[in-house]
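**Student:** Mind having a look at this structure? Questions to follow.
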Number of protein chains: 2
Amino acid sequence: MRGNRALPAITDAVATGAARLQIPDGAAIVLAISGGPDSTALLHGAAALTPDRGWRLTVAHLDHGLRETSAEEGAAVASTAAGLGLPAEVRRVDVAALAAEEHRSLEDAGRQARYRFLEEVAAGLGPEALIATAHTADDAAETVLLRLARGSGLRGLRGIPARRGRIVRPLLHARRAVLRAALDAAGISYSTDPSNADLAHARNRVRADLLPALERLNPAAVEALTRFGRLAADDDDLLDALAAAELMERRDPADALIDWHRPPSRALGRRVLRLAIGDPAPSAERIEALLDAAEGPRGGVSIELGGGRRASVRERRIRLE
Amino acid sequence: MRGNRALPAITDAVATGAARLQIPDGAAIVLAISGGPDSTALLHGAAALTPDRGWRLTVAHLDHGLRETSAEEGAAVASTAAGLGLPAEVRRVDVAALAAEEHRSLEDAGRQARYRFLEEVAAGLGPEALIATAHTADDAAETVLLRLARGSGLRGLRGIPARRGRIVRPLLHARRAVLRAALDAAGISYSTDPSNADLAHARNRVRADLLPALERLNPAAVEALTRFGRLAADDDDLLDALAAAELMERRDPADALIDWHRPPSRALGRRVLRLAIGDPAPSAERIEALLDAAEGPRGGVSIELGGGRRASVRERRIRLE
């Protein structure tokens, strides 16, 4: 492999991420590999570190069955894995059929199928096995922008977590362009149309349009956005914990009644009600209307919450039905 | 005035904002008028509502002295005010000299000089007098984006408040394009290069480049951003209140010592330390380093906070020097 001589930028990036995530030597790790540049970098970087770290790597590739070339891409991933001496699992799923069946977007259905597959592969490797995905700082920044554009509150702006359960993202601090340039310099080929590119029209717009505009404003905009995402996650966790404690205190355990005689701050009130109502989450407008009713004059009010649920407010007490 | 027949969109916008802000009938209001489209709309809308509301309006214009035409723009504002039967105060300030003297950007120096001038005019009208500025939803959305690009946390993303002290912003829910179209339809002229346009290069980029890209992603992106700004403000207020209470509890009143034996959440810890350290705010990196030291092994650590200040950490206690 010519690549082995020109890979230091990539192995350094994976090593830095592994250190931050405290991935232990000898860990069993499923590598989620689409075959695009980011995951190809993850694959080569992790493989290069493995003799030293004693990691037990398994390559996993889900063919979404959405393009004519997708079977070839799966075969290419399997062949790269074989060249690196790594076991690979390649599975084909009909994401379009899944999406139609479950009334989801292609993007959602693909994501869910992918993580389900990865969890299955990991389960075969034992309870401690990790799943490493190749999300980069660019992905995290794009996620923040996309959610901001779509009207999210703080919760949606958490960005992409570096760790969630057994899923780890060792390249989350790395820039996509740096990884790509290193692959090109090393002469390592990758698929130029990774399986999620055609799934995510909005994300492609963020990538092509919005992020470059933001970087003209501040060359370090991606770092700024990912940092914001991390801070937002911490703030959001704290506010959620407060809301849970507040709900415990306000809720009548014998009934679905919430005491609002001492109104909490609006910020906390929103979260207490969202937590009490649960999924599917009511619209922001309904939550605000409920808060207005609970804080307003004492007459009885009844508010539709969607999904056949309803809340009534009387004498500063909220009843969920 | 031909405008009086074609102004309903503008008077409606001002009336909606005034209702939300609960601006009382008979209020004394200083209108901050640059002569650009937004403030020209505010001026005509407020003037049209005044016979009904009994407001006592005073037009205030600060000439920043930054362009050759700025004196003419001031004269145009004074003449429009006279045409509407309103008193006007026009003052000239050398913002470039102020900026040089105070080592501030032109934008900062201009903003500060403007609000100082407006407060002075309001003070002359009594303690209850309000100051109305013409900020729109577009301004609020641009502010959120600009601060996000520059690397702000939640605090910076509060957007523009509808009310702060005596300052009110009745057009904060209105879209700039709607106001401009209504002015054009009414045949009301305005300055096309309002005094802050050349001050705010970065903001112009957001306006020309970034916001349109975001609106291609979601036509309601401006509403999404302003809504986010309002939610962020509520969350930020709550977190600040928590941090203040936490600092009270942790601080040794006889000394600048803060007890960290029971570490708070990272989100709260950041705010407690920022509050304890005060202005000038230390960099985010220093705050994180201080948190790491306070939560880490018990050896003594000393951290430079900038501005000649220093914090030392020993045995889970932080001393500010």
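Chain lettering (A, B, ...) mirrors the order of the structure tokens, residue numbering begins at 1 for each chain separately, and ligand numbering begins at 1 in order of display.
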Identify all chain A residues at most 9 Å from chain B by counting only C-alpha atoms; ligands do not count. Present them as a count of residues only.

**Tutor:** 43

**Student:** Could you tell me, as a PyMOL selection string, which residues of range 5-80 of chain A DSSP assigns to strand (DSSP E) when given the backbone?

**Tutor:** chain A and resi 28-32+56-63

**Student:** Per DSSP on the backbone, what are the alpha helix (DSSP H) residues of range 49-194 of chain B, as number ranges by chain?

**Tutor:** B: 49-53, 70-83, 95-102, 106-123, 137-150, 176-186

**Student:** Determine, counting only C-alpha atoms, which protein, DNA and RNA residues have an atom within 7 Å of an atom of Leu57 in chain A; residues of the same chain fewer than 3 positions away are not included. Present the result as an MDAnalysis selection string.

**Tutor:** chainID A and resid 28:31 86

**Student:** What's the separation between CA of Thr143 in chain A and CA of Gly156 in chain A, in Å to one decimal place?

**Tutor:** 8.8 Å

**Student:** Which residues come within 9 Å of Ser39 in chain B, counting only C-alpha atoms, excluding same-chain residues fewer than 6 positions away, as a PyMOL selection string?

**Tutor:** chain B and resi 31-33+133-135+190

**Student:** Of the candidates A:Arg155, A:Phe117, A:Ala185, A:Ala60, which shows the shortest atom-to-atom distance to Leu7 in chain A, using only C-alpha atoms?

**Tutor:**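 Nearest candidate to Leu7 in chain A out of A:Arg155, A:Phe117, A:Ala185, A:Ala60: A:Ala185.
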
**Student:** How many Å lie between CA of Asp292 in chain A and CA of Leu157 in chain A, rounded to one decimal?

**Tutor:** 25.7 Å

**Student:** Which residues, written as a list in words, have at least one atom at most 10 Å from Arg314 in chain B, with only C-alpha atoms counted and residues fewer than 6 positions away on the same chain left out?

**Tutor:**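 Here the qualifying residues turn out to be Trp260, Ala293, Ala294, Pro297, Arg298, Gly299, Gly300, Val301 and Ser302 of chain B.
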
**Student:** Restricted to C-alpha atoms, what would the selected residues look like written as a tab-separated table (two decimals), in the first residue's frame?

**Tutor:**
```tsv
chain	number	residue	atom	x	y	z
B	260	TRP	CA	-15.38	23.24	44.49
B	293	ALA	CA	-7.83	22.09	37.49
B	294	ALA	CA	-10.67	22.37	40.02
B	297	PRO	CA	-6.09	15.90	40.85
B	298	ARG	CA	-5.57	17.86	44.03
B	299	GLY	CA	-2.15	19.40	43.30
B	300	GLY	CA	-1.83	23.20	43.27
B	301	VAL	CA	-2.34	24.96	39.92
B	302	SER	CA	-2.15	28.64	39.08
```

**Student:** What separation in Å, quoted to one decimal, exists between CA of Leu106 in chain A and CA of Leu66 in chain A?

**Tutor:**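 Atom-to-atom, CA of Leu106 in chain A and CA of Leu66 in chain A are spaced 9.4 Å apart.
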
**Student:** Could you tell me which of B:Ala71, B:Leu49, B:Ala76, B:Ala15 comes closest to Ser191 in chain B if we count only C-alpha atoms?

**Tutor:**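 Residue with the minimum atom-to-atom distance to Ser191 in chain B: B:Ala76.
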
**Student:** Write out as a list in words each polymer residue whose atoms come within 9 Å of Ala245 in chain A, counting only C-alpha atoms; drop sequence neighbours fewer than 5 positions from it.

**Tutor:**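 Answer for this query is Asp240, Arg250 and Val272 of chain A.
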
**Student:** Taking 3 positions as the minimum chain separation for residues in the same chain, which residues sit within 10 Å of Val93 in chain A when counting only C-alpha atoms? Answer as a list in words.

**Tutor:**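 Non-adjacent residues within range: Leu62, Asp63, His64, Gly65, Leu66, Ala96, Ala97, Leu98, Gly110, Ala113, Arg114 and Phe117 of chain A.
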